[in-house]
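model-v4.tsv (TSV, N, CA, C and O atoms) appears below.
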chain	number	residue	atom	x	y	z
L	1	MET	N	-15.28	-0.95	-0.75
L	1	MET	CA	-15.19	-1.20	0.67
L	1	MET	C	-16.22	-2.24	1.06
L	1	MET	O	-17.21	-2.43	0.38
L	2	HIS	N	-15.99	-2.86	2.18
L	2	HIS	CA	-16.90	-3.87	2.68
L	2	HIS	C	-17.71	-3.29	3.83
L	2	HIS	O	-17.22	-2.49	4.60
L	3	GLU	N	-18.94	-3.70	3.94
L	3	GLU	CA	-19.82	-3.21	4.99
L	3	GLU	C	-19.79	-4.20	6.16
L	3	GLU	O	-19.90	-5.39	5.97
L	4	THR	N	-19.60	-3.70	7.37
L	4	THR	CA	-19.64	-4.56	8.54
L	4	THR	C	-21.07	-4.63	9.06
L	4	THR	O	-21.93	-3.87	8.65
L	5	THR	N	-21.31	-5.54	10.01
L	5	THR	CA	-22.67	-5.68	10.54
L	5	THR	C	-23.11	-4.46	11.30
L	5	THR	O	-24.29	-4.18	11.40
L	6	ALA	N	-22.18	-3.69	11.81
L	6	ALA	CA	-22.55	-2.48	12.56
L	6	ALA	C	-22.82	-1.31	11.63
L	6	ALA	O	-23.12	-0.22	12.09
L	7	GLY	N	-22.68	-1.54	10.30
L	7	GLY	CA	-22.94	-0.46	9.37
L	7	GLY	C	-21.73	0.41	9.09
L	7	GLY	O	-21.82	1.40	8.42
L	8	GLN	N	-20.56	0.03	9.61
L	8	GLN	CA	-19.35	0.79	9.37
L	8	GLN	C	-18.53	0.10	8.29
L	8	GLN	O	-18.59	-1.11	8.12
L	9	HIS	N	-17.72	0.86	7.59
L	9	HIS	CA	-16.85	0.29	6.57
L	9	HIS	C	-15.60	-0.24	7.24
L	9	HIS	O	-15.02	0.41	8.10
L	10	ASP	N	-15.18	-1.45	6.83
L	10	ASP	CA	-13.98	-2.01	7.42
L	10	ASP	C	-12.73	-1.75	6.58
L	10	ASP	O	-11.65	-2.12	6.95
L	11	GLY	N	-12.87	-1.09	5.43
L	11	GLY	CA	-11.72	-0.72	4.63
L	11	GLY	C	-11.12	-1.88	3.87
L	11	GLY	O	-11.72	-2.92	3.70
L	12	ALA	N	-9.89	-1.68	3.43
L	12	ALA	CA	-9.16	-2.67	2.66
L	12	ALA	C	-7.92	-3.08	3.44
L	12	ALA	O	-7.50	-2.40	4.37
L	13	ARG	N	-7.33	-4.20	3.03
L	13	ARG	CA	-6.09	-4.65	3.64
L	13	ARG	C	-4.92	-4.25	2.74
L	13	ARG	O	-5.02	-4.33	1.53
L	14	TYR	N	-3.83	-3.82	3.37
L	14	TYR	CA	-2.66	-3.38	2.64
L	14	TYR	C	-1.41	-4.07	3.16
L	14	TYR	O	-1.33	-4.46	4.32
L	15	GLU	N	-0.43	-4.18	2.27
L	15	GLU	CA	0.92	-4.60	2.63
L	15	GLU	C	1.84	-3.45	2.27
L	15	GLU	O	1.86	-3.01	1.12
L	16	ILE	N	2.55	-2.95	3.26
L	16	ILE	CA	3.47	-1.84	3.07
L	16	ILE	C	4.87	-2.34	3.38
L	16	ILE	O	5.13	-2.83	4.47
L	17	ARG	N	5.75	-2.23	2.41
L	17	ARG	CA	7.13	-2.73	2.57
L	17	ARG	C	8.09	-1.55	2.63
L	17	ARG	O	8.02	-0.64	1.79
L	18	ILE	N	8.98	-1.56	3.63
L	18	ILE	CA	9.96	-0.49	3.79
L	18	ILE	C	11.36	-1.09	3.89
L	18	ILE	O	11.53	-2.25	4.27
L	19	GLN	N	12.36	-0.29	3.53
L	19	GLN	CA	13.75	-0.72	3.63
L	19	GLN	C	14.21	-0.55	5.07
L	19	GLN	O	13.97	0.49	5.68
L	20	GLY	N	14.82	-1.56	5.64
L	20	GLY	CA	15.30	-1.51	7.01
L	20	GLY	C	14.41	-2.33	7.93
L	20	GLY	O	13.29	-2.68	7.58
L	21	HIS	N	14.93	-2.63	9.09
L	21	HIS	CA	14.18	-3.41	10.06
L	21	HIS	C	13.64	-2.52	11.17
L	21	HIS	O	14.38	-1.72	11.74
L	22	LEU	N	12.34	-2.66	11.44
L	22	LEU	CA	11.72	-1.99	12.59
L	22	LEU	C	11.56	-3.02	13.68
L	22	LEU	O	11.05	-4.12	13.43
L	23	GLY	N	11.97	-2.68	14.89
L	23	GLY	CA	11.80	-3.58	16.02
L	23	GLY	C	10.34	-3.66	16.46
L	23	GLY	O	9.51	-2.83	16.07
L	24	SER	N	10.03	-4.64	17.27
L	24	SER	CA	8.65	-4.86	17.72
L	24	SER	C	8.12	-3.67	18.52
L	24	SER	O	6.91	-3.48	18.61
L	25	ARG	N	8.99	-2.86	19.09
L	25	ARG	CA	8.52	-1.70	19.87
L	25	ARG	C	7.77	-0.70	19.00
L	25	ARG	O	7.02	0.13	19.50
L	26	TRP	N	7.97	-0.74	17.68
L	26	TRP	CA	7.29	0.17	16.77
L	26	TRP	C	5.86	-0.26	16.48
L	26	TRP	O	5.08	0.51	15.92
L	27	ALA	N	5.49	-1.48	16.83
L	27	ALA	CA	4.17	-2.01	16.50
L	27	ALA	C	3.04	-1.14	17.05
L	27	ALA	O	2.00	-0.99	16.41
L	28	THR	N	3.24	-0.54	18.22
L	28	THR	CA	2.18	0.29	18.81
L	28	THR	C	1.90	1.54	17.98
L	28	THR	O	0.79	2.04	17.99
L	29	LEU	N	2.91	2.01	17.25
L	29	LEU	CA	2.73	3.18	16.40
L	29	LEU	C	1.82	2.86	15.21
L	29	LEU	O	1.11	3.73	14.71
L	30	PHE	N	1.83	1.61	14.80
L	30	PHE	CA	1.04	1.18	13.64
L	30	PHE	C	-0.05	0.22	14.10
L	30	PHE	O	-0.15	-0.92	13.61
L	31	GLU	N	-0.89	0.65	15.03
L	31	GLU	CA	-1.90	-0.22	15.61
L	31	GLU	C	-2.77	-0.88	14.55
L	31	GLU	O	-3.15	-0.26	13.57
L	32	GLY	N	-3.02	-2.17	14.75
L	32	GLY	CA	-3.82	-2.93	13.82
L	32	GLY	C	-3.03	-3.56	12.69
L	32	GLY	O	-3.55	-4.37	11.94
L	33	MET	N	-1.77	-3.17	12.55
L	33	MET	CA	-0.93	-3.71	11.48
L	33	MET	C	0.02	-4.75	12.06
L	33	MET	O	0.60	-4.54	13.12
L	34	ALA	N	0.17	-5.86	11.35
L	34	ALA	CA	1.16	-6.88	11.75
L	34	ALA	C	2.51	-6.44	11.20
L	34	ALA	O	2.62	-6.01	10.05
L	35	LEU	N	3.53	-6.52	12.02
L	35	LEU	CA	4.87	-6.09	11.65
L	35	LEU	C	5.76	-7.32	11.55
L	35	LEU	O	5.81	-8.12	12.48
L	36	SER	N	6.44	-7.49	10.42
L	36	SER	CA	7.38	-8.61	10.30
L	36	SER	C	8.62	-8.14	9.54
L	36	SER	O	8.55	-7.21	8.73
L	37	THR	N	9.75	-8.76	9.85
L	37	THR	CA	11.00	-8.42	9.16
L	37	THR	C	11.40	-9.60	8.28
L	37	THR	O	11.18	-10.75	8.62
L	38	ASP	N	11.98	-9.28	7.14
L	38	ASP	CA	12.43	-10.29	6.20
L	38	ASP	C	13.96	-10.31	6.18
L	38	ASP	O	14.60	-9.28	6.45
L	39	PRO	N	14.54	-11.46	5.83
L	39	PRO	CA	16.01	-11.57	5.79
L	39	PRO	C	16.67	-10.64	4.77
L	39	PRO	O	17.86	-10.37	4.87
L	40	ASP	N	15.90	-10.12	3.82
L	40	ASP	CA	16.47	-9.23	2.81
L	40	ASP	C	16.65	-7.80	3.31
L	40	ASP	O	16.99	-6.90	2.55
L	41	GLY	N	16.39	-7.58	4.61
L	41	GLY	CA	16.59	-6.25	5.18
L	41	GLY	C	15.38	-5.35	5.10
L	41	GLY	O	15.50	-4.14	5.26
L	42	THR	N	14.21	-5.92	4.86
L	42	THR	CA	13.00	-5.12	4.77
L	42	THR	C	12.05	-5.45	5.92
L	42	THR	O	12.15	-6.49	6.55
L	43	THR	N	11.13	-4.52	6.16
L	43	THR	CA	10.05	-4.72	7.12
L	43	THR	C	8.74	-4.65	6.36
L	43	THR	O	8.58	-3.81	5.47
L	44	VAL	N	7.81	-5.53	6.71
L	44	VAL	CA	6.50	-5.56	6.07
L	44	VAL	C	5.45	-5.27	7.13
L	44	VAL	O	5.42	-5.90	8.19
L	45	LEU	N	4.59	-4.28	6.85
L	45	LEU	CA	3.42	-4.00	7.67
L	45	LEU	C	2.22	-4.48	6.88
L	45	LEU	O	2.09	-4.15	5.70
L	46	LYS	N	1.38	-5.27	7.52
L	46	LYS	CA	0.23	-5.82	6.81
L	46	LYS	C	-0.99	-5.73	7.71
L	46	LYS	O	-0.93	-6.10	8.89
L	47	GLY	N	-2.10	-5.23	7.16
L	47	GLY	CA	-3.32	-5.16	7.95
L	47	GLY	C	-4.36	-4.27	7.32
L	47	GLY	O	-4.17	-3.73	6.23
L	48	PRO	N	-5.48	-4.09	8.04
L	48	PRO	CA	-6.58	-3.29	7.51
L	48	PRO	C	-6.30	-1.79	7.61
L	48	PRO	O	-5.68	-1.33	8.56
L	49	VAL	N	-6.77	-1.07	6.61
L	49	VAL	CA	-6.69	0.39	6.60
L	49	VAL	C	-8.09	0.89	6.28
L	49	VAL	O	-8.67	0.53	5.27
L	50	VAL	N	-8.65	1.69	7.17
L	50	VAL	CA	-10.04	2.12	7.09
L	50	VAL	C	-10.36	2.86	5.79
L	50	VAL	O	-11.36	2.59	5.15
L	51	ASP	N	-9.51	3.82	5.43
L	51	ASP	CA	-9.77	4.62	4.23
L	51	ASP	C	-8.47	5.25	3.74
L	51	ASP	O	-7.40	5.02	4.32
L	52	GLN	N	-8.55	6.04	2.70
L	52	GLN	CA	-7.37	6.66	2.12
L	52	GLN	C	-6.70	7.63	3.09
L	52	GLN	O	-5.48	7.73	3.11
L	53	ALA	N	-7.47	8.32	3.90
L	53	ALA	CA	-6.88	9.24	4.88
L	53	ALA	C	-6.02	8.46	5.88
L	53	ALA	O	-4.93	8.89	6.24
L	54	ALA	N	-6.50	7.30	6.32
L	54	ALA	CA	-5.73	6.47	7.24
L	54	ALA	C	-4.47	5.94	6.57
L	54	ALA	O	-3.41	5.85	7.19
L	55	LEU	N	-4.57	5.58	5.30
L	55	LEU	CA	-3.39	5.11	4.56
L	55	LEU	C	-2.34	6.22	4.48
L	55	LEU	O	-1.16	5.99	4.73
L	56	HIS	N	-2.77	7.43	4.18
L	56	HIS	CA	-1.84	8.56	4.13
L	56	HIS	C	-1.23	8.82	5.50
L	56	HIS	O	-0.05	9.19	5.59
L	57	GLY	N	-2.01	8.62	6.56
L	57	GLY	CA	-1.48	8.77	7.91
L	57	GLY	C	-0.37	7.77	8.20
L	57	GLY	O	0.67	8.11	8.78
L	58	LEU	N	-0.58	6.50	7.80
L	58	LEU	CA	0.46	5.48	7.97
L	58	LEU	C	1.71	5.84	7.19
L	58	LEU	O	2.83	5.72	7.70
L	59	LEU	N	1.53	6.28	5.97
L	59	LEU	CA	2.68	6.64	5.14
L	59	LEU	C	3.43	7.84	5.72
L	59	LEU	O	4.66	7.90	5.65
L	60	SER	N	2.70	8.76	6.32
L	60	SER	CA	3.35	9.92	6.97
L	60	SER	C	4.18	9.47	8.16
L	60	SER	O	5.29	9.99	8.37
L	61	LYS	N	3.68	8.53	8.93
L	61	LYS	CA	4.45	8.00	10.07
L	61	LYS	C	5.74	7.36	9.58
L	61	LYS	O	6.81	7.56	10.18
L	62	LEU	N	5.65	6.59	8.51
L	62	LEU	CA	6.85	5.95	7.97
L	62	LEU	C	7.84	7.00	7.46
L	62	LEU	O	9.05	6.88	7.65
L	63	ARG	N	7.32	8.03	6.83
L	63	ARG	CA	8.19	9.12	6.36
L	63	ARG	C	8.91	9.77	7.54
L	63	ARG	O	10.10	10.05	7.48
L	64	ASP	N	8.17	9.99	8.63
L	64	ASP	CA	8.75	10.64	9.80
L	64	ASP	C	9.84	9.80	10.46
L	64	ASP	O	10.79	10.33	11.02
L	65	ILE	N	9.71	8.48	10.37
L	65	ILE	CA	10.74	7.59	10.92
L	65	ILE	C	12.00	7.67	10.06
L	65	ILE	O	13.11	7.52	10.55
L	66	GLY	N	11.83	7.92	8.77
L	66	GLY	CA	12.98	8.10	7.89
L	66	GLY	C	13.42	6.85	7.14
L	66	GLY	O	14.50	6.85	6.56
L	67	LEU	N	12.59	5.80	7.14
L	67	LEU	CA	12.95	4.60	6.40
L	67	LEU	C	12.33	4.66	5.00
L	67	LEU	O	11.17	5.03	4.85
L	68	PRO	N	13.10	4.30	3.98
L	68	PRO	CA	12.59	4.39	2.60
L	68	PRO	C	11.42	3.44	2.34
L	68	PRO	O	11.45	2.26	2.70
L	69	LEU	N	10.40	3.96	1.70
L	69	LEU	CA	9.22	3.20	1.30
L	69	LEU	C	9.55	2.43	0.03
L	69	LEU	O	10.03	3.01	-0.94
L	70	LEU	N	9.31	1.12	0.03
L	70	LEU	CA	9.58	0.30	-1.14
L	70	LEU	C	8.31	0.00	-1.94
L	70	LEU	O	8.33	0.04	-3.17
L	71	SER	N	7.21	-0.32	-1.24
L	71	SER	CA	5.98	-0.62	-1.97
L	71	SER	C	4.76	-0.50	-1.06
L	71	SER	O	4.86	-0.66	0.15
L	72	VAL	N	3.63	-0.23	-1.70
L	72	VAL	CA	2.33	-0.22	-1.05
L	72	VAL	C	1.42	-1.06	-1.95
L	72	VAL	O	1.26	-0.73	-3.12
L	73	THR	N	0.86	-2.14	-1.41
L	73	THR	CA	0.04	-3.04	-2.21
L	73	THR	C	-1.28	-3.28	-1.51
L	73	THR	O	-1.31	-3.65	-0.33
L	74	GLN	N	-2.38	-3.07	-2.24
L	74	GLN	CA	-3.69	-3.42	-1.70
L	74	GLN	C	-3.87	-4.91	-1.88
L	74	GLN	O	-3.67	-5.45	-2.96
L	75	LEU	N	-4.25	-5.60	-0.79
L	75	LEU	CA	-4.41	-7.05	-0.83
L	75	LEU	C	-5.84	-7.42	-1.13
L	75	LEU	O	-6.78	-6.73	-0.72
L	76	ASP	N	-6.01	-8.53	-1.81
L	76	ASP	CA	-7.32	-9.10	-2.06
L	76	ASP	C	-7.84	-9.62	-0.73
L	76	ASP	O	-7.18	-10.43	-0.08
L	77	THR	N	-9.01	-9.18	-0.29
L	77	THR	CA	-9.51	-9.54	1.03
L	77	THR	C	-9.84	-11.01	1.15
L	77	THR	O	-9.85	-11.56	2.24
L	78	GLU	N	-10.12	-11.69	0.05
L	78	GLU	CA	-10.45	-13.12	0.11
L	78	GLU	C	-9.21	-13.98	0.25
L	78	GLU	O	-9.18	-14.91	1.02
L	79	THR	N	-8.15	-13.67	-0.49
L	79	THR	CA	-6.98	-14.54	-0.52
L	79	THR	C	-5.77	-13.95	0.18
L	79	THR	O	-4.78	-14.62	0.36
L	80	GLN	N	-5.82	-12.69	0.55
L	80	GLN	CA	-4.71	-11.96	1.16
L	80	GLN	C	-3.50	-11.90	0.25
L	80	GLN	O	-2.39	-11.76	0.70
L	81	SER	N	-3.71	-12.01	-1.05
L	81	SER	CA	-2.64	-11.84	-2.01
L	81	SER	C	-2.87	-10.51	-2.73
L	81	SER	O	-3.96	-9.96	-2.68
L	82	PRO	N	-1.83	-10.00	-3.40
L	82	PRO	CA	-2.02	-8.73	-4.10
L	82	PRO	C	-3.18	-8.81	-5.09
L	82	PRO	O	-3.34	-9.80	-5.79
L	83	SER	N	-4.01	-7.79	-5.07
L	83	SER	CA	-5.17	-7.78	-5.95
L	83	SER	C	-4.84	-7.05	-7.24
L	83	SER	O	-3.88	-6.30	-7.31
L	84	ALA	N	-5.64	-7.28	-8.22
L	84	ALA	CA	-5.47	-6.58	-9.49
L	84	ALA	C	-6.19	-5.25	-9.40
L	84	ALA	O	-7.30	-5.09	-9.84
L	85	SER	N	-5.58	-4.31	-8.73
L	85	SER	CA	-6.17	-3.00	-8.55
L	85	SER	C	-5.28	-1.97	-9.23
L	85	SER	O	-4.14	-2.25	-9.56
L	86	PRO	N	-5.79	-0.77	-9.45
L	86	PRO	CA	-4.96	0.26	-10.09
L	86	PRO	C	-3.69	0.57	-9.31
L	86	PRO	O	-2.77	1.12	-9.86
L	87	LEU	N	-3.62	0.20	-8.03
L	87	LEU	CA	-2.43	0.51	-7.25
L	87	LEU	C	-1.22	-0.31	-7.68
L	87	LEU	O	-0.10	0.13	-7.55
L	88	ASN	N	-1.45	-1.53	-8.18
L	88	ASN	CA	-0.29	-2.36	-8.51
L	88	ASN	C	-0.39	-3.01	-9.88
L	88	ASN	O	0.33	-3.94	-10.16
L	89	THR	N	-1.28	-2.56	-10.72
L	89	THR	CA	-1.40	-3.09	-12.06
L	89	THR	C	-0.69	-2.16	-13.03
L	89	THR	O	-0.94	-0.97	-13.05
L	90	PRO	N	0.23	-2.72	-13.85
L	90	PRO	CA	0.92	-1.85	-14.81
L	90	PRO	C	-0.08	-1.21	-15.76
L	90	PRO	O	-1.04	-1.84	-16.17
L	91	ARG	N	0.15	0.03	-16.07
L	91	ARG	CA	-0.73	0.75	-16.97
L	91	ARG	C	-0.33	0.44	-18.41
L	91	ARG	O	0.83	0.53	-18.78
L	92	ALA	N	-1.30	0.05	-19.18
L	92	ALA	CA	-1.04	-0.23	-20.59
L	92	ALA	C	-0.93	1.07	-21.35
L	92	ALA	O	-1.68	2.00	-21.10
L	93	THR	N	0.01	1.12	-22.25
L	93	THR	CA	0.14	2.31	-23.06
L	93	THR	C	-0.26	1.96	-24.48
L	93	THR	O	-0.01	0.87	-24.96
L	94	SER	N	-0.91	2.87	-25.12
L	94	SER	CA	-1.33	2.63	-26.49
L	94	SER	C	-0.59	3.60	-27.39
L	94	SER	O	-0.30	4.73	-27.01
L	95	PRO	N	-0.26	3.13	-28.58
L	95	PRO	CA	0.45	4.03	-29.49
L	95	PRO	C	-0.46	5.18	-29.90
L	95	PRO	O	-1.67	5.02	-30.02
L	96	THR	N	0.13	6.31	-30.07
L	96	THR	CA	-0.65	7.47	-30.51
L	96	THR	C	-0.28	7.78	-31.96
L	96	THR	O	0.83	7.53	-32.39
L	97	THR	N	-1.23	8.26	-32.67
L	97	THR	CA	-0.97	8.65	-34.05
L	97	THR	C	-1.13	10.15	-34.17
L	97	THR	O	-1.96	10.75	-33.50
L	98	THR	N	-0.29	10.73	-34.96
L	98	THR	CA	-0.40	12.16	-35.20
L	98	THR	C	-0.49	12.38	-36.70
L	98	THR	O	0.07	11.63	-37.49
L	99	ASN	N	-1.22	13.38	-37.06
L	99	ASN	CA	-1.33	13.76	-38.46
L	99	ASN	C	-0.24	14.76	-38.77
L	99	ASN	O	-0.15	15.80	-38.14
L	100	THR	N	0.61	14.41	-39.72
L	100	THR	CA	1.64	15.34	-40.13
L	100	THR	C	1.28	15.92	-41.47
L	100	THR	O	0.79	15.21	-42.35
L	101	PRO	N	1.48	17.21	-41.64
L	101	PRO	CA	1.13	17.83	-42.93
L	101	PRO	C	2.01	17.24	-44.04
L	101	PRO	O	3.17	16.98	-43.85
L	102	GLN	N	1.38	17.01	-45.18
L	102	GLN	CA	2.10	16.49	-46.35
L	102	GLN	C	2.66	17.67	-47.15
L	102	GLN	O	2.01	18.68	-47.32
L	103	GLY	N	3.88	17.52	-47.57
L	103	GLY	CA	4.51	18.58	-48.36
L	103	GLY	C	3.92	18.66	-49.76
L	103	GLY	O	3.32	17.73	-50.26
L	104	ASP	N	4.07	19.81	-50.43
L	104	ASP	CA	3.53	20.00	-51.78
L	104	ASP	C	4.36	19.30	-52.80
L	104	ASP	O	5.43	19.22	-52.98
This structure in structure tokens:
Amino acid sequence: MHETTAGQHDGARYEIRIQGHLGSRWATLFEGMALSTDPDGTTVLKGPVVDQAALHGLLSKLRDIGLPLLSVTQLDTETQSPSASPLNTPRATSPTTTNTPQGD
């Protein structure tokens, strides 16, 4: 998290993409988030989220509206592009070895 001059945390920026278009009247429900619609039939909410509890609150509101959640991406605060964070980085899998008993 980043520290503000007042000593409060300003959180991280997120991009939340949902299926369907939300009209501008919904913007007040997601205060602080910019709402935009894309021609592919999706809506993107982008903006700061104070902490994980606030993120869960936003996701609960979207669930209550009933529109399918497509993605949640934490943005890099410097470039506003997706950051390489555990939220959107594919997890590498490593092969596992097992010891099998040898027959007599």
Near-L:Ser36 list (7 Å; only C-alpha atoms; drop same-chain fewer than 4 positions) as an NGL selection string: :L and (43-45)
Could the residues in this selection be written to a file with N, CA, C and O atoms, as an mmCIF file, in the coordinates of the input?
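Saved as selection_23.cif:
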data_model
loop_
_atom_site.group_PDB
_atom_site.id
_atom_site.type_symbol
_atom_site.label_atom_id
_atom_site.label_comp_id
_atom_site.auth_asym_id
_atom_site.auth_seq_id
_atom_site.Cartn_x
_atom_site.Cartn_y
_atom_site.Cartn_z
ATOM 1 N N THR L 43 11.130 -4.520 6.160
ATOM 2 C CA THR L 43 10.050 -4.720 7.120
ATOM 3 C C THR L 43 8.740 -4.650 6.360
ATOM 4 O O THR L 43 8.580 -3.810 5.470
ATOM 5 N N VAL L 44 7.810 -5.530 6.710
ATOM 6 C CA VAL L 44 6.500 -5.560 6.070
ATOM 7 C C VAL L 44 5.450 -5.270 7.130
ATOM 8 O O VAL L 44 5.420 -5.900 8.190
ATOM 9 N N LEU L 45 4.590 -4.280 6.850
ATOM 10 C CA LEU L 45 3.420 -4.000 7.670
ATOM 11 C C LEU L 45 2.220 -4.480 6.880
ATOM 12 O O LEU L 45 2.090 -4.150 5.700
#
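What separates atom N of L:Thr42 from atom C of L:Gly11 is a distance of 25.7 Å.
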L:Gln52 surroundings by all atoms listed in the file, 8 Å radius, close-in-sequence under 6 positions cut, as a compact mmCIF listing (two decimals) with N, CA, C and O atoms, in the coordinates of the input:
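Result saved to result26.txt:
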# COMPACT_ATOMS: atom_id res chain seq x y z
N GLY L 11 -12.87 -1.09 5.43
CA GLY L 11 -11.72 -0.72 4.63
C GLY L 11 -11.12 -1.88 3.87
O GLY L 11 -11.72 -2.92 3.70
N ALA L 12 -9.89 -1.68 3.43
CA ALA L 12 -9.16 -2.67 2.66
C ALA L 12 -7.92 -3.08 3.44
O ALA L 12 -7.50 -2.40 4.37
N LEU L 58 -0.58 6.50 7.80
CA LEU L 58 0.46 5.48 7.97
C LEU L 58 1.71 5.84 7.19
O LEU L 58 2.83 5.72 7.70
N LEU L 59 1.53 6.28 5.97
CA LEU L 59 2.68 6.64 5.14
C LEU L 59 3.43 7.84 5.72
O LEU L 59 4.66 7.90 5.65
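Residue nearest L:Lys46, chosen from L:His21, L:Tyr14, L:Asp76, L:Leu69 and counting only N, CA, C and O atoms: L:Tyr14.
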To test the calculation: enclose all listed atoms of stretch 20-38 of chain L in a box whose edges run along x, y and z, add 6 Å on each side, then state centre and edge lengths in Å to one decimal, as JSON.
{"center_x": 5.7, "center_y": -3.5, "center_z": 12.8, "size_x": 31.1, "size_y": 26.5, "size_z": 26.2}
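Here atom O of L:Ser24 is placed at a distance of 20.6 Å from atom O of L:Thr73.
With only C-alpha atoms as the basis for measurement, L:Gly47 is the residue among L:Gly47, L:Pro39, L:Gly32, L:Pro68 that approaches L:Arg13 most closely.
Distance check against L:Gly41 using all atoms listed in the file: of L:Ala27, L:Leu22, L:Ala53, L:Ile65, the minimum falls on L:Leu22.
A straight line drawn from atom CA of L:Gly23 to atom CA of L:Asp38 is 11.9 Å long.
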